[in-house]
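One file, data.txt, is given below (compact mmCIF, C-alpha atoms and all ligand atoms).
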```
# COMPACT_ATOMS: atom_id res chain seq x y z
CA MET A 484 37.29 42.73 -38.92
CA SER A 485 39.93 42.77 -41.67
CA ARG A 486 40.68 39.61 -43.63
CA GLN A 487 43.99 39.14 -41.80
CA GLN A 488 42.38 39.35 -38.38
CA ARG A 489 39.63 36.87 -39.28
CA ILE A 490 39.65 33.75 -37.12
CA VAL A 491 40.38 30.81 -39.38
CA ASN A 492 38.07 27.77 -39.51
CA VAL A 493 40.09 24.56 -39.58
CA LEU A 494 38.56 21.14 -40.21
CA SER A 495 40.13 17.93 -38.95
CA VAL A 496 39.12 14.79 -40.88
CA ALA A 497 40.52 11.98 -38.75
CA GLY A 498 39.96 9.12 -36.31
CA THR A 499 39.31 9.43 -32.59
CA ASP A 500 41.29 8.86 -29.42
CA PRO A 501 39.02 8.75 -26.36
CA THR A 502 41.98 9.49 -24.07
CA GLY A 503 42.42 12.80 -25.90
CA GLY A 504 46.06 12.48 -26.92
CA ALA A 505 45.90 11.71 -30.63
CA GLY A 506 43.51 11.90 -33.58
CA ILE A 507 40.64 14.37 -33.65
CA GLN A 508 40.82 15.15 -29.96
CA ALA A 509 44.48 16.19 -30.27
CA ASP A 510 43.77 18.07 -33.49
CA LEU A 511 41.06 20.21 -31.89
CA LYS A 512 43.42 21.14 -29.06
CA ALA A 513 46.25 21.90 -31.51
CA ILE A 514 43.95 24.06 -33.65
CA ALA A 515 42.71 25.98 -30.60
CA ALA A 516 46.24 26.42 -29.24
CA GLY A 517 47.30 27.67 -32.69
CA GLY A 518 44.64 30.37 -32.83
CA GLY A 519 41.99 28.74 -35.04
CA TYR A 520 38.39 27.57 -34.72
CA GLY A 521 38.42 23.77 -34.79
CA MET A 522 35.88 21.50 -36.49
CA ALA A 523 35.95 17.71 -36.88
CA VAL A 524 34.63 14.95 -39.13
CA VAL A 525 35.12 11.42 -37.78
CA THR A 526 36.55 8.88 -40.22
CA ALA A 527 36.89 6.10 -37.65
CA LEU A 528 35.96 5.55 -34.03
CA VAL A 529 39.02 4.09 -32.35
CA ALA A 530 38.93 2.36 -28.96
CA GLN A 531 42.47 3.21 -27.87
CA ASN A 532 44.40 4.59 -24.94
CA THR A 533 48.00 5.53 -24.18
CA ARG A 534 48.98 1.84 -24.31
CA GLY A 535 47.50 0.80 -27.65
CA VAL A 536 44.55 0.28 -29.98
CA ARG A 537 41.76 -2.15 -29.02
CA ALA A 538 39.20 -1.79 -31.80
CA VAL A 539 38.33 0.35 -34.83
CA HIS A 540 34.82 1.11 -36.08
CA VAL A 541 34.47 2.81 -39.47
CA PRO A 542 31.13 4.58 -40.00
CA PRO A 543 29.10 3.79 -43.13
CA ILE A 544 30.58 5.75 -46.04
CA PRO A 545 27.36 7.72 -46.80
CA PHE A 546 27.41 8.88 -43.17
CA LEU A 547 31.01 10.03 -43.52
CA THR A 548 30.06 12.02 -46.63
CA ALA A 549 27.05 13.43 -44.78
CA GLN A 550 29.37 14.72 -42.04
CA LEU A 551 31.71 16.32 -44.59
CA ASP A 552 28.83 17.94 -46.49
CA ALA A 553 27.19 19.17 -43.29
CA VAL A 554 30.31 21.21 -42.60
CA SER A 555 31.05 22.46 -46.11
CA ASP A 556 27.39 23.29 -46.92
CA ASP A 557 27.37 25.73 -44.02
CA VAL A 558 30.83 26.84 -42.92
CA ARG A 559 33.72 28.62 -44.70
CA ILE A 560 36.65 26.22 -44.44
CA ASP A 561 40.08 27.89 -44.40
CA ALA A 562 42.17 24.73 -44.01
CA VAL A 563 41.74 20.99 -43.71
CA LYS A 564 43.93 18.55 -41.81
CA ILE A 565 43.48 14.92 -42.82
CA GLY A 566 44.64 12.15 -40.50
CA MET A 567 43.61 8.50 -40.08
CA LEU A 568 41.61 7.25 -43.07
CA ALA A 569 41.33 3.54 -42.17
CA ASN A 570 40.60 2.06 -45.60
CA ALA A 571 40.27 2.67 -49.35
CA GLU A 572 36.52 3.39 -49.18
CA VAL A 573 37.06 6.19 -46.66
CA ILE A 574 39.88 7.58 -48.80
CA GLY A 575 37.58 7.52 -51.86
CA ALA A 576 34.85 9.45 -50.04
CA VAL A 577 37.27 12.07 -48.70
CA ALA A 578 38.92 12.44 -52.14
CA ALA A 579 35.53 12.96 -53.82
CA TRP A 580 34.58 15.60 -51.23
CA LEU A 581 37.92 17.40 -51.70
CA ARG A 582 37.37 17.48 -55.46
CA ARG A 583 33.89 18.95 -54.95
CA VAL A 584 34.70 21.49 -52.25
CA ARG A 585 38.31 22.38 -53.08
CA PRO A 586 39.36 23.72 -49.68
CA PRO A 587 42.17 26.28 -50.08
CA LEU A 588 44.78 24.54 -47.86
CA VAL A 589 45.09 20.84 -47.14
CA VAL A 590 47.60 19.10 -44.84
CA LEU A 591 47.63 15.30 -45.13
CA ASP A 592 49.16 13.26 -42.31
CA PRO A 593 49.34 9.85 -44.01
CA VAL A 594 48.64 7.87 -40.85
CA MET A 595 49.39 4.16 -41.30
CA ILE A 596 50.50 2.68 -37.97
CA ALA A 597 50.10 3.98 -34.40
CA ALA A 598 53.21 4.45 -32.27
CA SER A 599 52.02 1.36 -30.38
CA GLY A 600 52.47 -0.66 -33.60
CA ASP A 601 48.73 -1.06 -34.32
CA ALA A 602 47.57 -0.62 -37.93
CA LEU A 603 45.42 2.45 -38.59
CA LEU A 604 45.24 1.94 -42.37
CA ASP A 605 44.49 -1.24 -44.35
CA PRO A 606 47.80 -2.18 -46.02
CA GLU A 607 45.90 -2.54 -49.35
CA ALA A 608 44.80 1.10 -49.08
CA VAL A 609 48.28 2.57 -49.67
CA THR A 610 47.63 2.92 -53.41
CA ALA A 611 44.41 4.82 -52.71
CA LEU A 612 46.25 7.02 -50.20
CA ARG A 613 48.89 7.84 -52.82
CA GLY A 614 46.08 8.92 -55.14
CA LEU A 615 44.97 11.46 -52.51
CA ILE A 616 48.38 13.10 -52.14
CA PRO A 617 48.15 15.52 -55.10
CA GLN A 618 45.09 17.08 -53.45
CA ALA A 619 47.22 18.13 -50.47
CA GLY A 620 49.50 21.15 -50.17
CA LEU A 621 51.69 19.37 -47.61
CA ILE A 622 52.10 15.80 -46.37
CA THR A 623 53.66 14.99 -42.98
CA PRO A 624 54.69 11.31 -42.94
CA ASN A 625 56.75 9.87 -40.09
CA LEU A 626 59.77 7.80 -41.16
CA PRO A 627 58.00 4.42 -41.56
CA GLU A 628 55.21 6.12 -43.55
CA LEU A 629 57.77 8.02 -45.65
CA ALA A 630 59.52 4.75 -46.47
CA VAL A 631 56.26 3.17 -47.66
CA LEU A 632 55.53 6.18 -49.89
CA ALA A 633 59.12 6.30 -51.19
CA GLY A 634 59.03 2.56 -51.89
CA ALA A 635 55.84 2.97 -53.89
CA ALA A 636 57.40 5.94 -55.73
CA GLY A 637 60.29 3.82 -56.98
CA ALA A 638 62.80 3.56 -54.13
CA GLY A 639 62.14 -0.17 -53.69
CA ALA A 640 61.53 -1.77 -50.30
CA ALA A 641 64.32 0.14 -48.54
CA GLY A 642 62.64 0.32 -45.11
CA PRO A 643 62.51 3.34 -42.80
CA ALA A 644 65.47 5.73 -43.08
CA ASP A 645 68.05 5.28 -40.34
CA THR A 646 69.88 8.55 -41.00
CA TRP A 647 68.59 12.08 -41.53
CA GLU A 648 70.24 12.22 -44.97
CA ALA A 649 68.41 9.06 -46.05
CA ALA A 650 65.15 10.55 -44.78
CA LEU A 651 65.71 13.72 -46.82
CA GLU A 652 66.46 11.63 -49.88
CA GLN A 653 63.19 9.71 -49.51
CA ALA A 654 61.31 12.97 -48.90
CA ARG A 655 62.74 14.49 -52.11
CA LEU A 656 61.69 11.41 -54.08
CA VAL A 657 58.13 11.51 -52.70
CA ALA A 658 57.85 15.29 -53.15
CA SER A 659 58.90 15.18 -56.78
CA ALA A 660 56.91 12.02 -57.63
CA HIS A 661 53.66 13.51 -56.31
CA GLY A 662 54.24 17.25 -56.85
CA VAL A 663 53.66 17.92 -53.16
CA ARG A 664 55.53 19.50 -50.24
CA VAL A 665 56.78 16.91 -47.76
CA LEU A 666 57.62 17.58 -44.12
CA ALA A 667 60.30 15.04 -43.16
CA LYS A 668 60.48 14.43 -39.38
CA ALA A 669 63.33 12.90 -37.41
CA GLY A 670 61.20 11.98 -34.38
CA HIS A 671 61.75 8.26 -35.05
CA LEU A 672 65.54 8.49 -35.49
CA PRO A 673 67.80 7.69 -32.55
CA GLY A 674 69.98 10.46 -31.15
CA GLU A 675 69.80 13.92 -29.67
CA ARG A 676 68.67 15.79 -32.75
CA THR A 677 65.05 15.98 -33.96
CA PRO A 678 65.08 18.23 -37.03
CA ASP A 679 62.13 18.55 -39.39
CA ALA A 680 62.54 19.64 -43.02
CA LEU A 681 60.11 21.08 -45.52
CA VAL A 682 60.96 19.63 -48.94
CA THR A 683 59.34 21.12 -52.03
CA PRO A 684 58.56 19.26 -55.27
CA GLU A 685 61.50 21.14 -56.82
CA GLY A 686 63.85 19.72 -54.19
CA ASP A 687 64.25 22.84 -52.04
CA THR A 688 64.83 21.85 -48.43
CA ILE A 689 64.20 24.16 -45.48
CA GLU A 690 65.40 22.55 -42.29
CA PHE A 691 64.11 23.32 -38.79
CA PRO A 692 66.61 22.12 -36.19
CA GLY A 693 65.45 20.52 -32.95
CA VAL A 694 66.90 18.92 -29.81
CA ARG A 695 65.23 15.78 -28.45
CA ILE A 696 63.21 16.10 -25.25
CA ALA A 697 63.67 12.99 -23.12
CA THR A 698 60.07 11.95 -22.50
CA ARG A 699 58.07 8.89 -23.47
CA ASN A 700 54.94 11.05 -23.64
CA THR A 701 54.94 11.61 -27.38
CA HIS A 702 51.51 10.14 -28.21
CA GLY A 703 49.88 12.21 -30.92
CA THR A 704 52.83 14.48 -31.74
CA GLY A 705 52.35 13.89 -35.48
CA CYS A 706 48.60 14.60 -35.25
CA SER A 707 49.21 17.78 -33.27
CA LEU A 708 51.98 18.96 -35.59
CA SER A 709 49.92 18.56 -38.76
CA ALA A 710 46.81 20.21 -37.25
CA GLY A 711 48.96 23.05 -35.91
CA ILE A 712 50.53 23.62 -39.32
CA ALA A 713 47.10 23.60 -41.03
CA THR A 714 45.96 26.30 -38.59
CA ARG A 715 49.02 28.51 -38.92
CA VAL A 716 49.31 28.22 -42.71
CA ALA A 717 45.72 29.51 -42.93
CA ARG A 718 46.48 32.31 -40.46
CA HIS A 719 49.65 33.26 -42.33
CA GLY A 720 48.11 33.42 -45.80
CA GLY A 721 49.66 30.22 -47.18
CA ASP A 722 53.19 30.71 -45.79
CA TRP A 723 54.19 27.06 -45.24
CA VAL A 724 57.68 27.82 -43.93
CA ARG A 725 56.43 30.20 -41.24
CA ALA A 726 53.63 27.78 -40.33
CA ALA A 727 56.05 24.85 -39.95
CA ARG A 728 58.59 26.91 -37.98
CA GLU A 729 56.04 28.31 -35.54
CA THR A 730 54.28 24.97 -35.09
CA LYS A 731 57.53 23.19 -34.30
CA ALA A 732 58.34 25.81 -31.63
CA TRP A 733 54.86 25.40 -30.11
CA LEU A 734 55.11 21.59 -30.19
CA ARG A 735 58.47 21.75 -28.46
CA GLU A 736 56.96 23.78 -25.63
CA SER A 737 54.05 21.31 -25.45
CA LEU A 738 56.36 18.26 -25.44
CA ALA A 739 58.61 19.81 -22.81
CA ALA A 740 55.57 20.06 -20.52
CA ALA A 741 54.14 16.61 -21.37
CA ASP A 742 55.41 15.10 -18.10
CA THR A 743 53.41 17.65 -16.09
CA LEU A 744 50.22 15.87 -17.23
CA ASP A 745 49.20 12.55 -15.67
CA VAL A 746 47.32 10.71 -18.41
CA GLY A 747 47.57 6.92 -18.63
CA GLY A 748 50.30 4.38 -18.08
CA GLY A 749 51.69 4.17 -21.62
CA SER A 750 52.90 6.87 -23.98
CA GLY A 751 50.94 9.90 -22.77
CA PRO A 752 49.90 13.04 -24.64
CA VAL A 753 51.71 16.33 -25.05
CA HIS A 754 50.44 19.35 -23.12
CA HIS A 755 48.86 21.37 -25.93
CA PHE A 756 48.18 24.42 -23.76
CA ALA A 757 51.37 24.50 -21.66
CA GLY A 758 52.56 27.79 -23.15
CA LEU A 759 49.17 29.48 -22.98
CA TRP A 760 48.52 28.33 -19.41
CA ALA A 761 51.98 29.41 -18.28
CA ARG A 762 51.54 32.84 -19.81
CA GLY A 763 48.08 33.07 -18.22
CA GLY A 764 49.41 32.08 -14.79
CA LEU A 765 47.48 28.77 -14.71
CA HIS A 766 48.92 25.62 -13.11
CA THR A 767 52.30 26.81 -12.00
CA ALA A 768 55.25 24.64 -11.04
CA PRO A 769 54.03 23.18 -7.69
CA GLU A 770 50.97 21.54 -9.30
CA ALA A 771 53.06 20.16 -12.10
CA GLN A 772 55.55 18.81 -9.59
CA GLN A 773 52.71 17.15 -7.71
CA ASN A 774 51.53 15.30 -10.81
CA ARG A 775 55.02 13.93 -11.31
CA ALA A 776 55.29 12.95 -7.65
CA VAL A 777 51.96 11.07 -7.79
CA ARG A 778 53.17 9.17 -10.83
CA GLY A 779 56.40 8.42 -9.04
CA ASP A 780 58.88 9.25 -11.75
CA GLY A 781 59.79 12.67 -10.37
CA GLY A 782 59.90 13.94 -13.91
CA ALA A 783 63.44 12.63 -14.10
CA GLY A 784 64.93 12.30 -17.50
CA ARG A 785 63.07 15.24 -18.97
CA ARG A 786 65.37 17.62 -20.74
CA ASP A 787 64.51 21.05 -21.97
CA ASP A 788 67.71 22.84 -22.70
CA GLN A 789 66.51 24.95 -25.58
CA PRO A 790 63.88 27.68 -25.38
CA ALA A 791 60.91 27.36 -27.73
CA GLY A 792 61.60 28.84 -31.11
CA ALA A 793 65.29 29.36 -30.37
CA ALA A 794 66.52 27.35 -33.32
CA ALA A 795 66.71 29.05 -36.70
CA GLU A 796 66.00 27.05 -39.80
CA VAL A 797 68.62 26.22 -42.37
CA THR A 798 67.87 26.40 -46.06
CA VAL A 799 69.42 23.83 -48.35
CA GLY A 800 68.87 24.44 -52.05
CA ARG A 801 66.66 27.05 -53.69
CA LEU A 802 63.98 28.96 -51.83
CA ASP A 803 62.04 30.24 -54.84
CA ALA A 804 59.60 27.38 -54.77
CA GLY A 805 56.96 29.33 -56.70
CA PRO A 806 53.25 28.60 -56.72
CA ARG A 807 51.95 25.05 -56.86
CA ARG A 808 49.64 23.62 -59.44
CA SER A 809 47.38 21.84 -57.01
CA PRO A 810 44.11 23.45 -55.81
CA SER A 811 45.27 23.09 -52.22
CA GLN A 812 48.07 25.60 -52.41
N1 LIG B 1 61.28 13.44 -28.10
C1 LIG B 1 61.09 14.47 -28.92
N2 LIG B 1 61.68 15.65 -28.69
C2 LIG B 1 61.49 16.71 -29.50
N3 LIG B 1 60.70 16.67 -30.60
C3 LIG B 1 60.08 15.50 -30.89
C4 LIG B 1 60.25 14.34 -30.09
N4 LIG B 1 59.50 13.33 -30.62
C5 LIG B 1 58.89 13.85 -31.70
N5 LIG B 1 59.26 15.15 -31.88
C6 LIG B 1 58.74 16.05 -32.91
O1 LIG B 1 57.33 15.80 -33.01
C7 LIG B 1 56.91 15.89 -34.35
C8 LIG B 1 56.30 14.56 -34.79
O2 LIG B 1 57.36 13.66 -34.97
P1 LIG B 1 57.27 12.12 -35.26
O3 LIG B 1 58.28 11.80 -36.27
O4 LIG B 1 57.36 11.41 -33.97
O5 LIG B 1 55.82 11.98 -35.89
P2 LIG B 1 54.77 10.85 -35.82
O6 LIG B 1 55.39 9.52 -35.66
O7 LIG B 1 53.87 11.08 -36.98
O8 LIG B 1 53.99 11.19 -34.51
P3 LIG B 1 52.91 10.27 -33.78
O9 LIG B 1 53.56 9.89 -32.49
O10 LIG B 1 51.72 11.12 -33.57
O11 LIG B 1 52.62 9.12 -34.70
C9 LIG B 1 58.15 16.30 -35.14
O12 LIG B 1 58.18 17.71 -35.23
C10 LIG B 1 59.30 15.79 -34.30
O13 LIG B 1 60.47 16.52 -34.51
C1 LIG B 2 43.00 8.27 -34.44
C2 LIG B 2 44.49 8.24 -34.42
N1 LIG B 2 45.17 8.92 -35.36
C3 LIG B 2 46.52 8.90 -35.35
C4 LIG B 2 47.22 8.21 -34.39
C5 LIG B 2 48.73 8.18 -34.42
O1 LIG B 2 49.29 8.69 -33.27
P1 LIG B 2 50.43 7.85 -32.48
O2 LIG B 2 51.41 7.35 -33.52
O3 LIG B 2 51.04 8.84 -31.55
O4 LIG B 2 49.73 6.71 -31.79
C6 LIG B 2 46.46 7.51 -33.41
N2 LIG B 2 47.05 6.79 -32.44
N3 LIG B 2 45.11 7.54 -33.46
```

Full structure transcribed into structure tokens:
Amino acid sequence: MSRQQRIVNVLSVAGTDPTGGAGIQADLKAIAAGGGYGMAVVTALVAQNTRGVRAVHVPPIPFLTAQLDAVSDDVRIDAVKIGMLANAEVIGAVAAWLRRVRPPLVVLDPVMIAASGDALLDPEAVTALRGLIPQAGLITPNLPELAVLAGAAGAGAAGPADTWEAALEQARLVASAHGVRVLAKAGHLPGERTPDALVTPEGDTIEFPGVRIATRNTHGTGCSLSAGIATRVARHGGDWVRAARETKAWLRESLAAADTLDVGGGSGPVHHFAGLWARGGLHTAPEAQQNRAVRGDGGAGRRDDQPAGAAAEVTVGRLDAGPRRSPSQ
């Protein structure tokens, strides 16, 4: 098998979601759907469902390190996705392992607060989290997380961006302060548009347009996006733009089919395998309709007026980003 055809091994270092919509469980589905072999190290056991978080249990730090070493002592790691880190001790252990192992590609989703409003990171651990950023090739904060990072990087306590322009400005500040690529995401903004933008440390901005899908089943979209990008950037030899573009198209397809699942009474998961199952002839429209009928919402309100991958990205600024200094290019 040639190097290009090799199946990539992708490690998720994250917390759990026993209902399967976010965290490690979502990551493994996103990695598989993206064409990689998924592996997982648990940073925190989280008792949560589609409605919220009930309890968090962080394993002893030596056990976390033992999990990380068990993988890296045995398996070639092509990319790492890092999600929930819970506290400064966990961050320290993951940072030390990254320095030792130097995986070639690292995507850091700086998870701080669940969509339900529950804290997934000790507020005092933000400084430690910022220290981890230079070891990543890409970070994927949502708007509240971006505001925290921008505030710490000198923007003051501005709060989450309420316009796309303000989000891009914060992303540029964070990218240049930490020498890292930042994926800004408009998921939390009101309105019809949900663009993402890849911002380089040099200030180049590659925008991926998107149209909002009217569903409340968006649990774990950030987890799935970051794990999908980690998988595709490894498959595409470090091409971050292609990885982000393709992952957004896949996530759109998965979000558009989220209402065909029937998982929980809160914000449910996306359907990670909707595209694959449709192309394989599995679970066709009548079954999906039935799920919606059982739940009683008839699927009303869902909008999918744009085929996956239809939107072309827009480049603002220079494209010649050049190689990065960090080991996790
Ligand atoms: N309703 C939607 N329609 C289309 N795309 C969406 C929608 N909601 C989120 N997205 C997309 O999902 C991805 C994650 O966005 P978001 O900003 O919600 O991240 P997040 O808050 O980290 O996710 P999570 O819900 O896992 O915490 C982005 O690519 C965003 O554009
Ligand atoms: C273990 C874990 N990691 C991340 C999230 C964020 O996802 P969301 O904001 O959709 O709740 C989560 N709920 N749980």

Report as AutoDock Vina command-line options the centre and the edge lengths, in Å to one decimal, of the axis-aligned box holding every listed atom of range 761-764 of chain A, padded by 5 Å on each side.
```
--center_x 50.0 --center_y 31.2 --center_z -17.3 --size_x 13.9 --size_y 13.7 --size_z 15.0
```

query: Using only C-alpha atoms and all ligand atoms, which protein or nucleic acid residues are at most 7 Å from ligand LIG 1 (chain B), as number ranges by chain?
result: A: 505, 597-598, 624-626, 668-671, 677-679, 693-698, 701-706, 708, 731, 734-735, 738

message: For Gly642 in chain A, find every residue with an atom within 9 Å (counting all atoms listed in the file), except residues of its own chain fewer than 3 positions away, and show them as a PyMOL selection string.
response: chain A and resi 626-627+630-631+634+639+645

Store the residues picked out above in a file with C-alpha atoms, as a PDB file, in the frame of the given file.
```
ATOM      1  CA  LEU A 626      59.770   7.800 -41.160  1.00  0.00           C
ATOM      2  CA  PRO A 627      58.000   4.420 -41.560  1.00  0.00           C
ATOM      3  CA  ALA A 630      59.520   4.750 -46.470  1.00  0.00           C
ATOM      4  CA  VAL A 631      56.260   3.170 -47.660  1.00  0.00           C
ATOM      5  CA  GLY A 634      59.030   2.560 -51.890  1.00  0.00           C
ATOM      6  CA  GLY A 639      62.140  -0.170 -53.690  1.00  0.00           C
ATOM      7  CA  ASP A 645      68.050   5.280 -40.340  1.00  0.00           C
TER       8      ASP A 645
END
```

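The two atoms in question, CA of Trp647 in chain A and CA of Leu672 in chain A, are spaced 7.7 Å apart.
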
field: Residue contacts of Met522 in chain A (12 Å, all atoms listed in the file) excluding same-chain residues fewer than 4 positions away, as a VMD selection string
entry: chain A and resid 491 to 497 507 to 515 550 to 551 553 to 555 558 to 565 710 714

Tell me, counting all atoms listed in the file, for each residue of chain A within 10 Å of ligand LIG 2 (chain B), which pair of atoms is nearest and how far apart they are in Å to one decimal, in rows ordered by chain and increasing number, as a Markdown table.
```
| residue | atom | partner | partner_atom | distance |
| --- | --- | --- | --- | --- |
| A:Val496 | CA | B:LIG2 | C1 | 10.0 |
| A:Ala497 | CA | B:LIG2 | C1 | 6.2 |
| A:Gly498 | CA | B:LIG2 | C1 | 3.7 |
| A:Thr499 | CA | B:LIG2 | C1 | 4.3 |
| A:Asp500 | CA | B:LIG2 | C1 | 5.3 |
| A:Pro501 | CA | B:LIG2 | C1 | 9.0 |
| A:Gly503 | CA | B:LIG2 | N3 | 9.6 |
| A:Gly504 | CA | B:LIG2 | O3 | 7.7 |
| A:Ala505 | CA | B:LIG2 | C6 | 5.1 |
| A:Gly506 | CA | B:LIG2 | C1 | 3.8 |
| A:Ile507 | CA | B:LIG2 | C1 | 6.6 |
| A:Gln508 | CA | B:LIG2 | C1 | 8.5 |
| A:Ala509 | CA | B:LIG2 | N1 | 8.9 |
| A:Asp510 | CA | B:LIG2 | N1 | 9.4 |
| A:Val525 | CA | B:LIG2 | C1 | 9.1 |
| A:Thr526 | CA | B:LIG2 | C1 | 8.7 |
| A:Ala527 | CA | B:LIG2 | C1 | 7.2 |
| A:Leu528 | CA | B:LIG2 | C1 | 7.6 |
| A:Val529 | CA | B:LIG2 | C1 | 6.1 |
| A:Ala530 | CA | B:LIG2 | C1 | 9.0 |
| A:Gln531 | CA | B:LIG2 | N2 | 7.4 |
| A:Asn532 | CA | B:LIG2 | N2 | 8.3 |
| A:Thr533 | CA | B:LIG2 | O4 | 7.9 |
| A:Arg534 | CA | B:LIG2 | O4 | 9.0 |
| A:Gly535 | CA | B:LIG2 | O4 | 7.6 |
| A:Val536 | CA | B:LIG2 | N2 | 7.4 |
| A:Val539 | CA | B:LIG2 | C1 | 9.2 |
| A:Ile565 | CA | B:LIG2 | N1 | 9.7 |
| A:Gly566 | CA | B:LIG2 | N1 | 6.1 |
| A:Met567 | CA | B:LIG2 | N1 | 5.0 |
| A:Leu568 | CA | B:LIG2 | N1 | 8.7 |
| A:Ala569 | CA | B:LIG2 | C1 | 9.2 |
| A:Asp592 | CA | B:LIG2 | C3 | 8.6 |
| A:Pro593 | CA | B:LIG2 | C3 | 9.2 |
| A:Val594 | CA | B:LIG2 | C3 | 6.0 |
| A:Met595 | CA | B:LIG2 | C5 | 8.0 |
| A:Ile596 | CA | B:LIG2 | O2 | 6.5 |
| A:Ala597 | CA | B:LIG2 | O2 | 3.7 |
| A:Ala598 | CA | B:LIG2 | O2 | 3.6 |
| A:Ser599 | CA | B:LIG2 | O4 | 6.0 |
| A:Gly600 | CA | B:LIG2 | O4 | 8.1 |
| A:Asp601 | CA | B:LIG2 | O4 | 8.2 |
| A:Ala602 | CA | B:LIG2 | N2 | 9.2 |
| A:Leu603 | CA | B:LIG2 | C2 | 7.2 |
| A:Leu604 | CA | B:LIG2 | N1 | 9.9 |
| A:Asn625 | CA | B:LIG2 | O2 | 8.8 |
| A:Asn700 | CA | B:LIG2 | O3 | 9.1 |
| A:Thr701 | CA | B:LIG2 | O3 | 6.3 |
| A:His702 | CA | B:LIG2 | O3 | 3.6 |
| A:Gly703 | CA | B:LIG2 | O3 | 3.6 |
| A:Thr704 | CA | B:LIG2 | O3 | 5.9 |
| A:Gly705 | CA | B:LIG2 | O1 | 6.4 |
| A:Cys706 | CA | B:LIG2 | C3 | 6.1 |
| A:Ser707 | CA | B:LIG2 | O1 | 9.1 |
| A:Ser750 | CA | B:LIG2 | O3 | 8.0 |
| A:Gly751 | CA | B:LIG2 | O3 | 8.8 |
| A:Pro752 | CA | B:LIG2 | O3 | 8.2 |
| A:Val753 | CA | B:LIG2 | O3 | 9.9 |
```

- request: Write out as JSON, numbers by chain each polymer residue whose atoms come within 8 Å of Ala516 in chain A, counting only C-alpha atoms; drop sequence neighbours fewer than 6 positions from it.
  value: {"A": [711, 755, 756, 759]}

Could the residues in this selection be saved with C-alpha atoms as an mmCIF file, keeping the file's coordinate frame?
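That gives us selection.cif:
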```cif
data_model
loop_
_atom_site.group_PDB
_atom_site.id
_atom_site.type_symbol
_atom_site.label_atom_id
_atom_site.label_comp_id
_atom_site.auth_asym_id
_atom_site.auth_seq_id
_atom_site.Cartn_x
_atom_site.Cartn_y
_atom_site.Cartn_z
ATOM 1 C CA GLY A 711 48.960 23.050 -35.910
ATOM 2 C CA HIS A 755 48.860 21.370 -25.930
ATOM 3 C CA PHE A 756 48.180 24.420 -23.760
ATOM 4 C CA LEU A 759 49.170 29.480 -22.980
#
```

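Note that CA of Ala726 in chain A and CA of His661 in chain A are 21.4 Å apart.
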
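In this model, the gap between CA of Asp552 in chain A and CA of Ala619 in chain A comes to 18.8 Å.
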
query: Using only C-alpha atoms, which of A:Leu591, A:Leu621, A:Ala644, A:Val716 sits nearest Thr683 in chain A?
result: A:Leu621

task: Using all atoms listed in the file, give me every residue within 9 Å of (43.1, 7.5, -50.5) in file coordinates, as an MDAnalysis selection string.
output: chainID A and resid 568 570:578 608:616
